[in-house]
Each structure stands twice: as C-alpha cells, then as structure tokens.
2 protein chains.
Amino acid sequence: MSVSEPVERLMKLFSRFPGVGDKTARRFALFLLQQPSDFSSELSSTISLMRDRTFCCSICGNLTTEDPCSICSDPFRDRKTLCVMENVEDMLSMEQSGAYSGLYFILGGRVSPMDGQDIEPERLARLKEYSGKGNFLELIIATNPSVEGDLTFFAVLDAVRDTGIKTTRLAFGLPLGGTIGYADRVTLHASIESRVEVRVQDNS
Amino acid sequence: MSVSEPVERLMKLFSRFPGVGDKTARRFALFLLQQPSDFSSELSSTISLMRDRTFCCSICGNLTTEDPCSICSDPFRDRKTLCVMENVEDMLSMEQSGAYSGLYFILGGRVSPMDGQDIEPERLARLKEYSGKGNFLELIIATNPSVEGDLTFFAVLDAVRDTGIKTTRLAFGLPLGGTIGYADRVTLHASIESRVEVRVQDNS
C-alpha cells in the first residue's frame with residue numbers, strides 16, 4: 001500500500017462501479033480529495049439518504065421518497081396511456097426525451113434465458129390488475145430492440161392480452177443522425193419491414 | 001423531477017466527477033441502489049473517513065494518514081534515489097509499475113503558462129532543502145512528455161542545480177506494444193534522438 005488506507009479503500013469501492021476500472025477509480029478518489037470539503041460531505045450524506053429514504057412506488061415501481069411517486073400523483077399527465085418499461089433507467093431516458101407524458105409501469109426485470117433472468121410473476125399479475133382497473137386506452141410495451149427485449153415484449157403481451165386494451169410497441173428503424181451506410185443488417189431489415197407510406201399532396 | 005429527490009441529487013454530484021456525463025452518473029446512482037445496503041454505507045463512510053483523516057506527508061507530499069507516509073518510513077526502500085513527480089496520480093502509476101523502489105517528492109503542481117499554473121516556490125525550496133540534506137546519489141525528474149512537462153522539468157532542474165547531485169530524466173521514445181506506423185512525429189523524433197547503441201557480442 002503506497003497511499004493512505006482510506007484512499008485505497010475508496011478506490012476499491014469505486015472500481016466496482018459499472019464501467020469503472022482501476023485508473024478511473026483512482027482518478028475519482030483523488031478528484032474527491034481535491035474538491036472543497038463540503039462536496040465530499042454532501043456526497044457521503046446523499047448516498048446515505050438515498051439508501052435510507054428511497055423505495056419503489058407501490059403503483060408503478062418508480063424510485064421515490066413518497067408513495068405514490070411524483071409521476072403517478074401528477075394530475076397533469078395523460079392517464080389514458082400506460083408505458084411498460086423494463087427498468088427505471090429506461091424510464092428516465094424516456095422522461096428526458098420529453099416524447100411521452102402518460103403513466104409508467106416498471107417491470108423491474110426482463111426475460112433473458114441466457115442469464116437466467118425472468119420477470120417476477122407477481123409483477124406481471126400486478127400489471128394485469130393495474131391495466132384492467134385503470135381507464136387506459138393504450139398500453140405501450142417499450143422493451144429494447146434485442147432478443148431479450150422481444151422475449152420480454154411477448155411475456156408482457158401475454159399478461160395483458162385479456163384486458164382488450166389497444167397495445168403498441170416502440171418503432172424500430174434507422175436511428176436519427178445515423179447513416180444507412182453504417183447501419184447494421186438487422187436495423188436495415190427493421191427499417192424496410194416497418195417502412196411508412198408517404199402521402200403525396202396534390203397541389204393542383 | 002421524475003425520480004426520488006436524493007437519487008436526482010446524487011446523479012448531479014456524480015456528474016461532476018471527471019469524465020462522467022449525465023447518463024453515467026445516472027447509472028452509478030441506480031447501481032448503488034441495486035447493491036446490498038452495506039455497500040452504500042461503506043462507500044459513504046469511507047468518503048467521510050478519507051476526507052477527515054487524509055493529509056499530505058510532510059516529507060514527500062504523498063497522501064497519508066500517518067506522518068511520515070508509508071513510503072518515506074519504509075526501511076527497505078532505496079534511500080539514495082529521489083524521484084520528483086508532478087502529482088500523486090503519477091506517483092501511483094509509477095508505484096504500480098514496480099519499476100522504481102526509491103523515494104518520491106511530489107511537486108503538487110506543474111508549470112503551465114496557458115492555464116496560469118505554476119509550482120509553489122515554497123515547494124521548490126522544500127525540494128532543494130530535502131535533496132541537499134539527504135544522501136541522495138540521483139535525482140530523477142519524472143515529468144510528462146509534453147510542453148508543460150518540459151517547463152516543469154526545467155523549473156525543477158533550476159531548483160536542484162546547486163546540490164550537485166546527478167540528475168536524470170525519464171526516457172522518451174516508442175511506447176512498448178505500439179507500432180512505428182502509428183507513432184506520432186514527435187515520438188519518432190524522440191526515439192531517433194535518444195537512440196541506443198547496440199553492442200554486438202563477438203562469439204568467435
């Protein structure tokens with residue numbers, strides 16, 4: 001050990017973060033030491049606070065400090081649409097895009113036989129109950145464009161089939177800003193299969 | 001705000017870490033929530049502990065919880081060689097390489113007129129005093145291969161000139177595992193200028 005023991009220990013902890021190697025963990029620890037003292041104390045207290053106060057919303061499964069969460073209790077959101085997502089991270093991406101203003105349901109898992117993962121049956125039962133009870137006109141199953149996403153999609157579809165609510169899935173195709181030359185084969189397949197008709201306006 | 005307030009706050013704090021953007025900060029916060037509770041509490045307490053207990057070694061400037069630090073007080077290290085480095089991060093890289101077993105002196109700064117940075121004059125005076133007092137046979141000035149590294153090198157050289165101790169600098173040249181085809185011009189220049197004579201053994 002060539003540096004102070006708490007610094008070494010912090011580097012070890014940081015190196016367990018996703019995508020963080022030994023060098024980045026070291027840089028994080030040294031960065032913290034260079035910050036004013038209140039940055040470290042705020043970081044340390046926020047981590048404790050988050051751990052102690054955060055739980056899952058009893059309605060949608062979002063992370064929250066109050067039940068129901070700010071989205072479920074927001075009177076200005078569209079209460080006729082429910083978007084089913086794998087996890088909170090996906091939900092936050094969707095929220096930040098600003099593309100959606102309805103309610104959410106977080107599965108908290110996905111179907112992935114390769115990793116031995118599955119959605120908890122109680123969670124699917126809860127979704128069935130929730131979607132049947134609400135006044136939803138549309139269910140958007142927003143799973144990833146991958147094999148696991150497809151399997152998860154079908155598991156969810158199976159659970160909500162009896163509710164008779166219109167069910168949709170996110171569109172797959174060329175990512176905006178991408179180029180056809182660099183698109184992979186599967187994406188090109190999806191963009192051909194889901195091609196959209198162009199209406200030519202008659203200006204005469 | 002679409003997720004619990006402490007989670008949002010932690011994301012903001014993580015996004016101030018070097019090289020961490022909003023998405024990585026979010027992943028870090030959600031990763032922490034998925035870990036067993038003692039990981040968060042250990043992280044939080046280690047950050048506080050590091051902040052409260054870590055200071056700079058009065059001899060070399062390394063981070064430590066005891067004075068002098070573990071390197072300066074290690075009786076098995078080579079006490080005839082002193083390696084002058086810009087910061088603790090560089091020193092840790094050197095330590096981990098295992099290439100060096102002498103003592104260190106951390107400048108805690110570098111000469112960079114573009115960023116308005118300079119080495120504190122007291123630190124250079126301290127180096128002069130330390131190198132003059134010890135029984136050093138060699139001073140290695142281990143600054144970066146960059147313009148700022150060169151300026152820092154000459155500032156240090158100027159400070160230790162009077163001690164009369166043999167002074168060396170790290171070798172610059174092709175990085176091991178690299179290829180000549182991909183090496184930049186400046187590195188190739190350095191590798192030509194510092195070329196090493198090959199002794200041909202006469203086996204006859």
# chains A, B, ... in the order shown; residues from 1 in each chain; ligands from 1

$ interface_residues --of "chain B" --to "chain A" --cutoff "6 Å" --atoms "only C-alpha atoms" --output "list of chain:residue names"
B:Val3, B:Ser4, B:Pro6, B:Val7, B:Ser44, B:Met50, B:Leu63, B:Thr64, B:Thr65

$ write_last_selection --atoms "C-alpha atoms" --output "JSON list (two decimals), in the first residue's frame"
[["chain", "number", "residue", "atom", "x", "y", "z"],
["B", 3, "VAL", "CA", -37.41, 10.15, -9.69],
["B", 4, "SER", "CA", -36.75, 10.40, -5.95],
["B", 6, "PRO", "CA", -31.92, 12.05, -3.23],
["B", 7, "VAL", "CA", -31.37, 9.98, -6.40],
["B", 44, "SER", "CA", -20.48, 6.83, 2.37],
["B", 50, "MET", "CA", -10.86, 9.75, 3.66],
["B", 63, "LEU", "CA", -1.36, 11.27, 0.68],
["B", 64, "THR", "CA", -1.26, 9.58, 4.05],
["B", 65, "THR", "CA", -2.99, 9.04, 7.39]]

$ residues_around --residues "A:Asn87" --least-positions-apart "6" --cutoff "7 Å" --atoms "only C-alpha atoms" --output "ChimeraX atom specification"
/A:106-109

$ write_last_selection --atoms "all heavy atoms" --output "PDB file, in the first residue's frame"
ATOM      1  N   ILE A 106     -43.112  -0.092 -14.268  1.00  0.00           N
ATOM      2  CA  ILE A 106     -41.752  -0.636 -14.338  1.00  0.00           C
ATOM      3  C   ILE A 106     -41.797  -2.129 -14.025  1.00  0.00           C
ATOM      4  O   ILE A 106     -42.261  -2.527 -12.949  1.00  0.00           O
ATOM      5  CB  ILE A 106     -40.830   0.067 -13.311  1.00  0.00           C
ATOM      6  CG1 ILE A 106     -40.970   1.591 -13.371  1.00  0.00           C
ATOM      7  CG2 ILE A 106     -39.381  -0.373 -13.499  1.00  0.00           C
ATOM      8  CD1 ILE A 106     -40.402   2.250 -14.578  1.00  0.00           C
ATOM      9  N   LEU A 107     -41.280  -2.941 -14.948  1.00  0.00           N
ATOM     10  CA  LEU A 107     -41.293  -4.396 -14.747  1.00  0.00           C
ATOM     11  C   LEU A 107     -40.266  -4.822 -13.695  1.00  0.00           C
ATOM     12  O   LEU A 107     -40.464  -5.800 -12.979  1.00  0.00           O
ATOM     13  CB  LEU A 107     -40.988  -5.118 -16.062  1.00  0.00           C
ATOM     14  CG  LEU A 107     -42.045  -4.995 -17.165  1.00  0.00           C
ATOM     15  CD1 LEU A 107     -41.486  -5.531 -18.473  1.00  0.00           C
ATOM     16  CD2 LEU A 107     -43.304  -5.748 -16.760  1.00  0.00           C
ATOM     17  N   GLY A 108     -39.156  -4.103 -13.636  1.00  0.00           N
ATOM     18  CA  GLY A 108     -38.106  -4.462 -12.681  1.00  0.00           C
ATOM     19  C   GLY A 108     -37.402  -5.755 -13.062  1.00  0.00           C
ATOM     20  O   GLY A 108     -36.848  -6.443 -12.206  1.00  0.00           O
ATOM     21  N   GLY A 109     -37.419  -6.071 -14.337  1.00  0.00           N
ATOM     22  CA  GLY A 109     -36.751  -7.297 -14.782  1.00  0.00           C
ATOM     23  C   GLY A 109     -37.044  -7.515 -16.248  1.00  0.00           C
ATOM     24  O   GLY A 109     -37.775  -6.746 -16.878  1.00  0.00           O
TER      25      GLY A 109
END

$ select_by_dssp --residues "stretch 20-183 of chain A" --states "alpha helix (DSSP H)" --output "PyMOL selection string"
chain A and resi 22-34+37-53+88-97+121-133+147-160

$ atom_distance --atom1 "atom CA of B:Arg169" --atom2 "atom CA of B:Thr187"
15.8 Å

$ residues_around --residues "stretch 132-145 of chain B" --least-positions-apart "4" --cutoff "8 Å" --atoms "only C-alpha atoms" --output "ChimeraX atom specification"
/B:79-86,128,149-150,152-153,156-157,163,165-170,172

$ residues_around --residues "B:Ser112" --least-positions-apart "5" --cutoff "7 Å" --atoms "only C-alpha atoms" --output "MDAnalysis selection string"
chainID B and resid 117:118 148

$ write_last_selection --atoms "all heavy atoms" --output "PDB file, in the first residue's frame"
ATOM      1  N   GLN B 117      -0.922  28.043 -14.394  1.00  0.00           N
ATOM      2  CA  GLN B 117      -0.472  27.227 -13.264  1.00  0.00           C
ATOM      3  C   GLN B 117       1.039  27.313 -13.097  1.00  0.00           C
ATOM      4  O   GLN B 117       1.774  27.462 -14.057  1.00  0.00           O
ATOM      5  CB  GLN B 117      -0.852  25.749 -13.480  1.00  0.00           C
ATOM      6  CG  GLN B 117      -2.341  25.509 -13.496  1.00  0.00           C
ATOM      7  CD  GLN B 117      -2.669  24.073 -13.819  1.00  0.00           C
ATOM      8  OE1 GLN B 117      -1.797  23.290 -14.191  1.00  0.00           O
ATOM      9  NE2 GLN B 117      -3.922  23.707 -13.678  1.00  0.00           N
ATOM     10  N   ASP B 118       1.485  27.198 -11.856  1.00  0.00           N
ATOM     11  CA  ASP B 118       2.910  27.197 -11.572  1.00  0.00           C
ATOM     12  C   ASP B 118       3.163  26.363 -10.317  1.00  0.00           C
ATOM     13  O   ASP B 118       2.231  26.082  -9.559  1.00  0.00           O
ATOM     14  CB  ASP B 118       3.408  28.634 -11.371  1.00  0.00           C
ATOM     15  CG  ASP B 118       4.899  28.753 -11.721  1.00  0.00           C
ATOM     16  OD1 ASP B 118       5.567  27.712 -11.815  1.00  0.00           O
ATOM     17  OD2 ASP B 118       5.369  29.886 -11.900  1.00  0.00           O
ATOM     18  N   GLU B 148       4.228  21.299 -21.075  1.00  0.00           N
ATOM     19  CA  GLU B 148       4.146  21.605 -19.643  1.00  0.00           C
ATOM     20  C   GLU B 148       5.151  20.765 -18.862  1.00  0.00           C
ATOM     21  O   GLU B 148       5.758  21.248 -17.904  1.00  0.00           O
ATOM     22  CB  GLU B 148       2.732  21.340 -19.111  1.00  0.00           C
ATOM     23  CG  GLU B 148       1.684  22.298 -19.628  1.00  0.00           C
ATOM     24  CD  GLU B 148       1.216  21.971 -21.026  1.00  0.00           C
ATOM     25  OE1 GLU B 148       1.518  20.846 -21.507  1.00  0.00           O
ATOM     26  OE2 GLU B 148       0.583  22.817 -21.677  1.00  0.00           O
TER      27      GLU B 148
END

$ select_by_dssp --residues "stretch 41-191 of chain A" --states "strand (DSSP E or B)" --output "list in words"
Phe55, Cys56, Leu63, Thr64, Asp78, Arg79, Lys80, Thr81, Leu82, Cys83, Val84, Met85, Gly102, Leu103, Tyr104, Phe105, Ile106, Ser112, Gln117, Glu138, Leu139, Ile140, Ile141, Ala142, Lys166, Thr167, Thr168 and Arg169 of chain A

$ closest_residue --among "A:Asp162, A:Cys60, A:Asp67, A:Ile180" --to "A:Ile192" --atoms "only C-alpha atoms"
A:Ile180

$ atom_distance --atom1 "atom CA of B:Val147" --atom2 "atom CA of B:Gly173"
15.6 Å

$ residues_around --residues "A:Leu174" --least-positions-apart "2" --cutoff "9 Å" --atoms "only C-alpha atoms" --output "list of chain:residue names"
A:Phe172, A:Leu176, A:Gly177, A:Gly178, A:Thr179, A:Ile180, A:Ala183, A:Thr187, A:Leu188, A:Ala190, A:Ser191

$ atom_distance --atom1 "atom CA of B:Arg161" --atom2 "atom CA of B:Asp90"
23.3 Å
